[in-house]
Every structure is written in C-alpha cells, then in structure tokens.
Amino acid sequence: MLKTPLCHQLGIELPIFNAGMGGGVASAELAAAVSNAGGLGVLGMGGLPTDVTREQIGRLRTLTTKPFAVNVILALAEEGQVDACLDGRVPVLVLFWGDARPFVDKARRAGTKLILQCGSVKEAKAAADGGVDAVMIQGVESGGHVKGTTALSIALPAVVEAVKPLPVIAAGGVADGRGLAAALELGAQAVSIGTRFLCSDESAAARAYKERIVGAEAEDTVHTLLFDIGWPNAAHRVLRNKAYAEWEAAGSPPSGQRPGEGTPFGAMTIAGARVELPRYHIFMPLEGFEGDMEYAALYAGQSCSLVNDIRPAAEIVRDLAREAEAVLHSKAS
C-alpha cells in the first residue's frame, strides 16, 4: 500500500527519506540505517568540504548496499562538491537552495537521480521544466534552513498539480505515520523527515540537543534569521534559547549589533578540525560539543511536538510505515 512509483524508480521499499541535515548531522550511520530499513537514507553534506563528502560517500558504501542519497546545499557548496557526488555515481543527489539545472545532463550521464528541494510552486515548476527527476517541496513548519513560506498542507497539493506527472516529495511537519499517510493522500510519493530522525541514535547531533527537542513543543520553535554567521539572510527554524531571548530583549538589533556578537560559546570538531563557535553561528551542536548550548543554533521543526524519544533509526522507519499502513487501511475499509 505504501510503495509508490517513486519507490520503484529509486529501488526502495518505503517512501521514507531522512532529511539530509547539514554539517554531517545526517551521518553515514543514519543514512545507512534508513536505507537498510527500506527507506532512502540521505547523507547530509551541507557546509562540509569536498574531500569530506568523498570520504563519507565511501564510508556509507561500506555500511549499505541499498540505494542512498547525498544532500548538498548549493548556497554553501565548495567548488567540486556536486561533481564529487556525480563522479562517485551516487544513486540519488538532493540539491537545495540553488539551481539544479546546470547539473541535469551530468547527473543523467552518471545514472544519478536528481532531486531539487524547493520552497514554492514557481521554483518547483522551473526545476521540473529543467529536467530534474523529482522535486521536494518544503513547508514553512520545517526545522533547519527553510526556503518554504507556506504550510505543507497548502504547498504540497499545489506543487503536485503544477509539476504532474513528476514525483513530489513532501518535507516539513511529518514525524509519524499519520503525517506520512496524509502526505501520500495529498499526492506526495515520499516524505523527507528531519526532526524525528535528528532524534535517532545514529544522527550526529549532540545528545543534549536531541533531549532538548524531545522535551519541546511546536510553540518553542521560532522562524528567524538570527543564526546567520556563515550563511546570512537564510531563514531557519530553531528552538528558542538564551541567544534568542537576549537578542529579543535587546530590541532585535541587526547583525553586527547583537548581544555578545562574536563571543565564543563553545567548540567542537568539524571536518576533522577543532573549531571555536561564535554566537549566532549556523552550526548546530554535534557529538563532542563542549560549551553552552543556550547560545547554539538548535534547529528543530514544529513536528518536535510529536517527537517523544530517541530511538534507533530502523525502528523509526518501521513505526512510520506500520502506522501509515494502518491509517490508509482503515480509510480504505
């Protein structure tokens, strides 16, 4: 009941992707666990160097023989990062925050399926006309960097209609089987899930960060431009913390005039190097983070209301599929 035409096209059993959460949060271990459970595991390489991308693709191939994807954020991509994916003939490449059209021909020659994550009907239609294999539409309820400005329940059917018969993947606000079933009924052929998989054992997010999400509700998130060092003018959804509260209390001053701007609040290892993080930096806390999480970017979607534990990714995939099957079967009968 859950297997869609896109599943057949990609060679997967279930229409479930983990979101390619950047900075390596969507680790090789997470992607492999999702792929091995029947979904499409997505490696999150946004903001990381090209050599790390090559290395992590190689690592992922040692962990699964199933189809997988790599996510690259074009606005942050190093020269050669997309080429590294295509030269490595990854099964699926998901691009975000940029134009996928320059890569269509090379992807086709490499045998790589090309997906663009979009924020609007207009962007999705341009990508479809440009020759991508599928589009992903992001709702404004998403966590992390958010190009969408409309709720998924509105954006998804509009995009499905605008690009048909091209497959559409839904992103934003889905964290359980009911959400998966609803997205399929609105015309999606798969869902991309971030916050639920961030709170998996295999994601590379710091444990305390995962626990903050488990304890949060949708009302604890905010859509903002605050955490912009490293990527200015890119909207994102995060959990409110002291960094946000102090900035708000100061009158929401612009970049360059914010409380404690430039002050280091912690450090962690990124791409093999120990890096000090200044306030308002875009990187979220990863495993090994040391510092005050109250000043970190704690990306989370409104679906945090539905995330109540930290579990193995394979269990999450199985539960999503089982719940969605039950919902769809109940409606059918």
# chains A, B, ... in the order shown; residues from 1 in each chain; ligands from 1
$ closest_atom_pairs --of "stretch 191-262 of chain A" --to "stretch 153-175 of chain A" --cutoff "8 Å" --atoms "only C-alpha atoms" --output "CSV"
residue,atom,partner,partner_atom,distance
A:Val191,CA,A:Ala170,CA,4.6
A:Ser192,CA,A:Ala171,CA,4.9
A:Ile193,CA,A:Val174,CA,6.1
A:Gly194,CA,A:Gly172,CA,7.8
A:Thr195,CA,A:Ala175,CA,7.3
A:Arg196,CA,A:Ala175,CA,5.4
$ select_by_dssp --residues "stretch 93-183 of chain A" --states "strand (DSSP E)" --output "list in words"
Leu93, Val94, Leu95, Phe96, Lys113, Leu114, Ile115, Leu116, Gln117, Cys118, Ala134, Val135, Met136, Ile137, Gln138, Gly144, His145, Val168, Ile169, Ala170 and Ala171 of chain A
$ residues_around --residues "A:Val135" --least-positions-apart "6" --cutoff "6 Å" --atoms "only C-alpha atoms" --output "ChimeraX atom specification"
/A:115-117,168
$ write_last_selection --atoms "all heavy atoms" --output "short mmCIF file (atom, residue, chain, number, x, y, z; two decimals), in the first residue's frame"
data_model
loop_
_atom_site.label_atom_id
_atom_site.label_comp_id
_atom_site.auth_asym_id
_atom_site.auth_seq_id
_atom_site.Cartn_x
_atom_site.Cartn_y
_atom_site.Cartn_z
N ILE A 115 17.20 15.41 -7.53
CA ILE A 115 16.04 15.98 -6.85
C ILE A 115 16.41 17.38 -6.37
O ILE A 115 17.51 17.58 -5.82
CB ILE A 115 15.63 15.12 -5.64
CG1 ILE A 115 15.21 13.71 -6.10
CG2 ILE A 115 14.49 15.78 -4.86
CD1 ILE A 115 15.00 12.73 -4.95
N LEU A 116 15.54 18.35 -6.57
CA LEU A 116 15.74 19.68 -6.00
C LEU A 116 14.72 19.92 -4.91
O LEU A 116 13.52 19.74 -5.13
CB LEU A 116 15.61 20.77 -7.06
CG LEU A 116 15.88 22.19 -6.53
CD1 LEU A 116 17.35 22.37 -6.17
CD2 LEU A 116 15.44 23.26 -7.51
N GLN A 117 15.19 20.32 -3.73
CA GLN A 117 14.28 20.75 -2.66
C GLN A 117 13.91 22.20 -2.91
O GLN A 117 14.79 23.06 -3.05
CB GLN A 117 14.93 20.59 -1.29
CG GLN A 117 14.00 21.04 -0.16
CD GLN A 117 14.48 20.59 1.20
OE1 GLN A 117 14.79 19.44 1.42
NE2 GLN A 117 14.52 21.53 2.14
N VAL A 168 6.73 14.06 -6.49
CA VAL A 168 6.93 15.12 -5.49
C VAL A 168 7.17 14.47 -4.13
O VAL A 168 6.45 13.54 -3.74
CB VAL A 168 5.71 16.06 -5.42
CG1 VAL A 168 5.89 17.10 -4.33
CG2 VAL A 168 5.47 16.73 -6.77
#
$ residues_around --residues "A:Thr269" --least-positions-apart "2" --cutoff "12 Å" --atoms "only C-alpha atoms" --output "JSON, numbers by chain"
{"A": [23, 24, 48, 204, 206, 266, 267, 271, 272, 273, 274, 275, 276, 277, 283, 284, 285, 286, 287, 288, 289, 290]}
$ write_last_selection --atoms "N, CA and C atoms" --output "JSON list (two decimals), in the first residue's frame"
[["chain", "number", "residue", "atom", "x", "y", "z"],
["A", 23, "GLY", "N", 25.94, 19.71, 7.86],
["A", 23, "GLY", "CA", 27.01, 19.66, 8.84],
["A", 23, "GLY", "C", 27.36, 18.26, 9.27],
["A", 24, "GLY", "N", 26.79, 17.26, 8.58],
["A", 24, "GLY", "CA", 27.06, 15.88, 8.96],
["A", 24, "GLY", "C", 26.12, 15.33, 10.00],
["A", 48, "LEU", "N", 30.04, 21.23, 4.41],
["A", 48, "LEU", "CA", 31.27, 20.46, 4.63],
["A", 48, "LEU", "C", 32.13, 20.46, 3.37],
["A", 204, "ALA", "N", 24.27, 12.52, 14.19],
["A", 204, "ALA", "CA", 25.50, 13.03, 14.82],
["A", 204, "ALA", "C", 25.25, 14.24, 15.71],
["A", 206, "ALA", "N", 24.48, 16.34, 19.06],
["A", 206, "ALA", "CA", 24.83, 16.13, 20.46],
["A", 206, "ALA", "C", 23.62, 15.58, 21.23],
["A", 266, "GLY", "N", 31.37, 27.97, 22.57],
["A", 266, "GLY", "CA", 31.67, 26.54, 22.62],
["A", 266, "GLY", "C", 32.61, 26.15, 21.50],
["A", 267, "ALA", "N", 32.93, 24.86, 21.47],
["A", 267, "ALA", "CA", 33.82, 24.34, 20.44],
["A", 267, "ALA", "C", 33.44, 22.89, 20.15],
["A", 271, "ALA", "N", 34.76, 18.50, 10.40],
["A", 271, "ALA", "CA", 35.62, 18.06, 9.29],
["A", 271, "ALA", "C", 37.04, 17.80, 9.77],
["A", 272, "GLY", "N", 37.15, 17.21, 10.96],
["A", 272, "GLY", "CA", 38.44, 16.80, 11.48],
["A", 272, "GLY", "C", 39.22, 17.87, 12.21],
["A", 273, "ALA", "N", 38.70, 19.10, 12.27],
["A", 273, "ALA", "CA", 39.40, 20.20, 12.94],
["A", 273, "ALA", "C", 38.57, 20.71, 14.12],
["A", 274, "ARG", "N", 39.24, 21.03, 15.23],
["A", 274, "ARG", "CA", 38.55, 21.61, 16.38],
["A", 274, "ARG", "C", 38.29, 23.08, 16.12],
["A", 275, "VAL", "N", 37.03, 23.49, 16.20],
["A", 275, "VAL", "CA", 36.64, 24.84, 15.80],
["A", 275, "VAL", "C", 35.92, 25.52, 16.95],
["A", 276, "GLU", "N", 36.29, 26.78, 17.23],
["A", 276, "GLU", "CA", 35.55, 27.59, 18.19],
["A", 276, "GLU", "C", 34.34, 28.19, 17.49],
["A", 277, "LEU", "N", 33.20, 28.17, 18.17],
["A", 277, "LEU", "CA", 31.96, 28.67, 17.58],
["A", 277, "LEU", "C", 31.59, 30.01, 18.21],
["A", 283, "PHE", "N", 26.30, 26.59, 12.69],
["A", 283, "PHE", "CA", 26.44, 25.17, 13.03],
["A", 283, "PHE", "C", 25.72, 24.82, 14.32],
["A", 284, "MET", "N", 25.03, 23.67, 14.29],
["A", 284, "MET", "CA", 24.35, 23.16, 15.47],
["A", 284, "MET", "C", 25.31, 22.27, 16.26],
["A", 285, "PRO", "N", 24.99, 21.97, 17.52],
["A", 285, "PRO", "CA", 25.91, 21.16, 18.34],
["A", 285, "PRO", "C", 25.95, 19.70, 17.89],
["A", 286, "LEU", "N", 27.15, 19.23, 17.58],
["A", 286, "LEU", "CA", 27.36, 17.85, 17.19],
["A", 286, "LEU", "C", 27.93, 17.05, 18.36],
["A", 287, "GLU", "N", 28.04, 15.74, 18.18],
["A", 287, "GLU", "CA", 28.71, 14.90, 19.18],
["A", 287, "GLU", "C", 30.08, 15.49, 19.49],
["A", 288, "GLY", "N", 30.42, 15.57, 20.77],
["A", 288, "GLY", "CA", 31.70, 16.14, 21.16],
["A", 288, "GLY", "C", 31.65, 17.63, 21.41],
["A", 289, "PHE", "N", 30.48, 18.27, 21.24],
["A", 289, "PHE", "CA", 30.35, 19.69, 21.52],
["A", 289, "PHE", "C", 30.63, 19.97, 22.99],
["A", 290, "GLU", "N", 31.40, 21.01, 23.25],
["A", 290, "GLU", "CA", 31.67, 21.48, 24.61],
["A", 290, "GLU", "C", 31.35, 22.96, 24.67]]
$ select_by_dssp --residues "stretch 214-327 of chain A" --states "alpha helix (DSSP H)" --output "list in words"
Val214, Lys242, Ala243, Tyr244, Ala245, Glu246, Trp247, Glu248, Ala249, Ala313, Ala314, Glu315, Ile316, Val317, Arg318, Asp319, Leu320, Ala321, Arg322, Glu323, Ala324, Glu325, Ala326 and Val327 of chain A
$ write_last_selection --atoms "N, CA, C and O atoms" --output "tab-separated table (two decimals), in the first residue's frame"
chain	number	residue	atom	x	y	z
A	214	VAL	N	13.25	16.54	22.31
A	214	VAL	CA	12.28	15.61	22.88
A	214	VAL	C	11.39	16.32	23.91
A	214	VAL	O	10.20	16.04	24.00
A	242	LYS	N	18.60	31.07	25.18
A	242	LYS	CA	19.05	32.36	25.72
A	242	LYS	C	19.53	33.29	24.62
A	242	LYS	O	19.33	34.51	24.71
A	243	ALA	N	20.17	32.75	23.59
A	243	ALA	CA	20.65	33.60	22.50
A	243	ALA	C	19.48	34.37	21.89
A	243	ALA	O	19.57	35.59	21.66
A	244	TYR	N	18.38	33.67	21.65
A	244	TYR	CA	17.22	34.31	21.04
A	244	TYR	C	16.56	35.27	22.03
A	244	TYR	O	16.21	36.41	21.67
A	245	ALA	N	16.42	34.84	23.28
A	245	ALA	CA	15.74	35.67	24.29
A	245	ALA	C	16.51	36.97	24.54
A	245	ALA	O	15.92	38.05	24.65
A	246	GLU	N	17.85	36.89	24.63
A	246	GLU	CA	18.66	38.09	24.89
A	246	GLU	C	18.62	39.04	23.71
A	246	GLU	O	18.58	40.26	23.88
A	247	TRP	N	18.63	38.48	22.50
A	247	TRP	CA	18.54	39.33	21.30
A	247	TRP	C	17.18	40.02	21.24
A	247	TRP	O	17.09	41.22	20.96
A	248	GLU	N	16.12	39.27	21.54
A	248	GLU	CA	14.77	39.84	21.53
A	248	GLU	C	14.64	40.93	22.59
A	248	GLU	O	14.07	42.00	22.33
A	249	ALA	N	15.20	40.66	23.78
A	249	ALA	CA	15.11	41.64	24.88
A	249	ALA	C	15.88	42.92	24.55
A	249	ALA	O	15.54	44.00	25.04
A	313	ALA	N	17.21	4.46	14.23
A	313	ALA	CA	16.54	4.92	13.01
A	313	ALA	C	15.71	3.83	12.36
A	313	ALA	O	14.63	4.10	11.82
A	314	ALA	N	16.19	2.59	12.40
A	314	ALA	CA	15.44	1.50	11.78
A	314	ALA	C	14.08	1.31	12.46
A	314	ALA	O	13.07	1.04	11.79
A	315	GLU	N	14.03	1.47	13.77
A	315	GLU	CA	12.76	1.38	14.49
A	315	GLU	C	11.82	2.51	14.05
A	315	GLU	O	10.61	2.31	13.90
A	316	ILE	N	12.38	3.71	13.88
A	316	ILE	CA	11.57	4.85	13.45
A	316	ILE	C	10.96	4.57	12.08
A	316	ILE	O	9.76	4.80	11.86
A	317	VAL	N	11.77	4.04	11.16
A	317	VAL	CA	11.27	3.72	9.82
A	317	VAL	C	10.14	2.70	9.91
A	317	VAL	O	9.06	2.87	9.30
A	318	ARG	N	10.35	1.64	10.68
A	318	ARG	CA	9.33	0.59	10.79
A	318	ARG	C	8.04	1.12	11.39
A	318	ARG	O	6.95	0.79	10.94
A	319	ASP	N	8.17	1.96	12.44
A	319	ASP	CA	6.96	2.51	13.08
A	319	ASP	C	6.21	3.45	12.14
A	319	ASP	O	4.96	3.43	12.08
A	320	LEU	N	6.94	4.29	11.41
A	320	LEU	CA	6.30	5.18	10.44
A	320	LEU	C	5.50	4.38	9.43
A	320	LEU	O	4.33	4.70	9.13
A	321	ALA	N	6.12	3.32	8.89
A	321	ALA	CA	5.46	2.51	7.87
A	321	ALA	C	4.25	1.79	8.44
A	321	ALA	O	3.17	1.77	7.81
A	322	ARG	N	4.39	1.22	9.63
A	322	ARG	CA	3.29	0.47	10.23
A	322	ARG	C	2.10	1.39	10.53
A	322	ARG	O	0.95	1.06	10.23
A	323	GLU	N	2.37	2.56	11.09
A	323	GLU	CA	1.30	3.50	11.42
A	323	GLU	C	0.60	4.00	10.16
A	323	GLU	O	-0.63	4.11	10.11
A	324	ALA	N	1.39	4.31	9.14
A	324	ALA	CA	0.80	4.82	7.90
A	324	ALA	C	-0.05	3.75	7.23
A	324	ALA	O	-1.16	4.03	6.74
A	325	GLU	N	0.43	2.51	7.20
A	325	GLU	CA	-0.34	1.40	6.63
A	325	GLU	C	-1.67	1.26	7.36
A	325	GLU	O	-2.72	1.07	6.73
A	326	ALA	N	-1.64	1.35	8.69
A	326	ALA	CA	-2.87	1.19	9.47
A	326	ALA	C	-3.87	2.30	9.15
A	326	ALA	O	-5.07	2.05	9.00
A	327	VAL	N	-3.38	3.54	9.04
A	327	VAL	CA	-4.26	4.67	8.72
A	327	VAL	C	-4.88	4.49	7.35
A	327	VAL	O	-6.10	4.63	7.17
$ residues_around --residues "stretch 76-89 of chain A" --least-positions-apart "2" --cutoff "10 Å" --atoms "only C-alpha atoms" --output "number ranges by chain"
A: 45-54, 57-58, 69-74, 91-98, 103, 106-114, 230-231
$ atom_distance --atom1 "atom CA of A:Cys7" --atom2 "atom CA of A:Gly39"
8.7 Å
$ closest_residue --among "A:Arg279, A:Arg178, A:His8, A:His236" --to "A:Tyr299" --atoms "only C-alpha atoms"
A:His236
$ closest_residue --among "A:Arg258, A:Arg240, A:Arg207, A:His281" --to "A:Phe227" --atoms "only C-alpha atoms"
A:His281
$ residues_around --residues "stretch 33-38 of chain A" --least-positions-apart "3" --cutoff "12 Å" --atoms "only C-alpha atoms" --output "PyMOL selection string"
chain A and resi 2-3+7-8+10-20+26-30+41-43+60-61+63-69+91+192-193+197+200-203+311-321
$ write_last_selection --atoms "N, CA and C atoms" --output "short mmCIF file (atom, residue, chain, number, x, y, z; two decimals), in the first residue's frame"
data_model
loop_
_atom_site.label_atom_id
_atom_site.label_comp_id
_atom_site.auth_asym_id
_atom_site.auth_seq_id
_atom_site.Cartn_x
_atom_site.Cartn_y
_atom_site.Cartn_z
N LEU A 2 2.07 1.20 0.61
CA LEU A 2 2.90 2.38 0.71
C LEU A 2 3.83 2.57 -0.48
N LYS A 3 4.10 1.51 -1.23
CA LYS A 3 5.10 1.60 -2.29
C LYS A 3 4.55 2.42 -3.45
N CYS A 7 9.18 5.02 -5.39
CA CYS A 7 9.91 3.92 -4.74
C CYS A 7 10.47 2.96 -5.80
N HIS A 8 9.64 2.60 -6.78
CA HIS A 8 10.10 1.72 -7.85
C HIS A 8 11.23 2.38 -8.64
N LEU A 10 13.41 4.57 -7.62
CA LEU A 10 14.66 4.68 -6.84
C LEU A 10 15.15 3.34 -6.33
N GLY A 11 14.33 2.30 -6.43
CA GLY A 11 14.74 0.98 -5.95
C GLY A 11 14.64 0.82 -4.45
N ILE A 12 13.67 1.51 -3.82
CA ILE A 12 13.48 1.42 -2.38
C ILE A 12 12.11 0.81 -2.07
N GLU A 13 11.96 0.34 -0.84
CA GLU A 13 10.72 -0.34 -0.44
C GLU A 13 9.69 0.60 0.17
N LEU A 14 10.15 1.66 0.82
CA LEU A 14 9.25 2.54 1.57
C LEU A 14 9.48 3.99 1.17
N PRO A 15 8.42 4.80 1.13
CA PRO A 15 8.55 6.20 0.68
C PRO A 15 9.00 7.12 1.82
N ILE A 16 10.08 6.75 2.47
CA ILE A 16 10.57 7.45 3.66
C ILE A 16 12.03 7.83 3.45
N PHE A 17 12.33 9.13 3.44
CA PHE A 17 13.70 9.63 3.40
C PHE A 17 13.99 10.25 4.77
N ASN A 18 15.22 10.09 5.27
CA ASN A 18 15.64 11.03 6.31
C ASN A 18 16.09 12.31 5.62
N ALA A 19 15.81 13.46 6.22
CA ALA A 19 16.28 14.72 5.65
C ALA A 19 17.81 14.73 5.69
N GLY A 20 18.41 15.34 4.66
CA GLY A 20 19.87 15.41 4.59
C GLY A 20 20.40 16.54 5.44
N ALA A 26 23.11 14.36 9.48
CA ALA A 26 22.65 13.16 8.79
C ALA A 26 23.89 12.37 8.38
N SER A 27 24.36 11.58 9.32
CA SER A 27 25.65 10.88 9.19
C SER A 27 25.53 9.67 8.27
N ALA A 28 26.69 9.10 7.94
CA ALA A 28 26.69 7.86 7.16
C ALA A 28 25.96 6.76 7.92
N GLU A 29 26.10 6.75 9.24
CA GLU A 29 25.42 5.74 10.06
C GLU A 29 23.91 5.89 9.99
N LEU A 30 23.42 7.14 10.04
CA LEU A 30 21.99 7.38 9.94
C LEU A 30 21.48 7.00 8.55
N GLY A 41 18.11 6.50 2.70
CA GLY A 41 18.99 7.22 3.60
C GLY A 41 19.68 8.35 2.85
N VAL A 42 19.72 9.52 3.49
CA VAL A 42 20.30 10.71 2.84
C VAL A 42 21.45 11.22 3.70
N LEU A 43 22.62 11.30 3.11
CA LEU A 43 23.82 11.79 3.77
C LEU A 43 23.83 13.31 3.69
N LEU A 60 29.71 5.42 3.62
CA LEU A 60 28.32 4.97 3.51
C LEU A 60 28.24 3.70 2.67
N ARG A 61 29.05 3.62 1.65
CA ARG A 61 29.02 2.43 0.79
C ARG A 61 29.52 1.18 1.52
N LEU A 63 28.61 0.61 4.57
CA LEU A 63 27.57 0.33 5.56
C LEU A 63 26.26 -0.15 4.95
N THR A 64 26.08 0.07 3.65
CA THR A 64 24.85 -0.38 2.99
C THR A 64 25.11 -0.71 1.53
N THR A 65 24.37 -1.67 1.03
CA THR A 65 24.39 -1.97 -0.41
C THR A 65 23.10 -1.47 -1.06
N LYS A 66 22.25 -0.81 -0.27
CA LYS A 66 20.97 -0.33 -0.76
C LYS A 66 21.12 1.08 -1.37
N PRO A 67 20.14 1.54 -2.16
CA PRO A 67 20.19 2.91 -2.69
C PRO A 67 20.25 3.93 -1.55
N PHE A 68 20.96 5.03 -1.82
CA PHE A 68 21.07 6.12 -0.85
C PHE A 68 21.16 7.42 -1.62
N ALA A 69 21.11 8.53 -0.89
CA ALA A 69 21.23 9.86 -1.49
C ALA A 69 22.26 10.68 -0.73
N PRO A 91 23.58 7.14 -6.11
CA PRO A 91 22.28 6.81 -6.71
C PRO A 91 21.34 8.00 -6.84
N SER A 192 10.22 13.45 3.33
CA SER A 192 11.56 13.69 3.87
C SER A 192 11.40 14.18 5.29
N ILE A 193 12.00 13.47 6.25
CA ILE A 193 11.74 13.71 7.67
C ILE A 193 13.03 14.09 8.38
N PHE A 197 14.22 12.13 12.75
CA PHE A 197 15.47 11.39 12.56
C PHE A 197 16.66 12.08 13.23
N SER A 200 17.39 10.37 16.51
CA SER A 200 17.68 8.94 16.40
C SER A 200 19.04 8.68 17.01
N ASP A 201 19.29 7.43 17.34
CA ASP A 201 20.60 7.09 17.91
C ASP A 201 21.73 7.41 16.95
N GLU A 202 21.47 7.27 15.65
CA GLU A 202 22.56 7.37 14.67
C GLU A 202 22.87 8.78 14.21
N SER A 203 22.00 9.75 14.45
CA SER A 203 22.32 11.10 14.00
C SER A 203 23.51 11.62 14.81
N ARG A 311 15.52 7.04 19.47
CA ARG A 311 15.49 5.60 19.18
C ARG A 311 16.33 5.28 17.95
N PRO A 312 16.61 4.01 17.72
CA PRO A 312 17.31 3.63 16.50
C PRO A 312 16.51 4.02 15.27
N ALA A 313 17.21 4.46 14.23
CA ALA A 313 16.54 4.92 13.01
C ALA A 313 15.71 3.83 12.36
N ALA A 314 16.19 2.59 12.40
CA ALA A 314 15.44 1.50 11.78
C ALA A 314 14.08 1.31 12.46
N GLU A 315 14.03 1.47 13.77
CA GLU A 315 12.76 1.38 14.49
C GLU A 315 11.82 2.51 14.05
N ILE A 316 12.38 3.71 13.88
CA ILE A 316 11.57 4.85 13.45
C ILE A 316 10.96 4.57 12.08
N VAL A 317 11.77 4.04 11.16
CA VAL A 317 11.27 3.72 9.82
C VAL A 317 10.14 2.70 9.91
N ARG A 318 10.35 1.64 10.68
CA ARG A 318 9.33 0.59 10.79
C ARG A 318 8.04 1.12 11.39
N ASP A 319 8.17 1.96 12.44
CA ASP A 319 6.96 2.51 13.08
C ASP A 319 6.21 3.45 12.14
N LEU A 320 6.94 4.29 11.41
CA LEU A 320 6.30 5.18 10.44
C LEU A 320 5.50 4.38 9.43
N ALA A 321 6.12 3.32 8.89
CA ALA A 321 5.46 2.51 7.87
C ALA A 321 4.25 1.79 8.44
#
$ closest_residue --among "A:Cys118, A:Leu184, A:Ile229, A:Gln56" --to "A:Val90" --atoms "only C-alpha atoms"
A:Gln56
$ atom_distance --atom1 "atom CA of A:Lys331" --atom2 "atom CA of A:Glu185"
10.7 Å
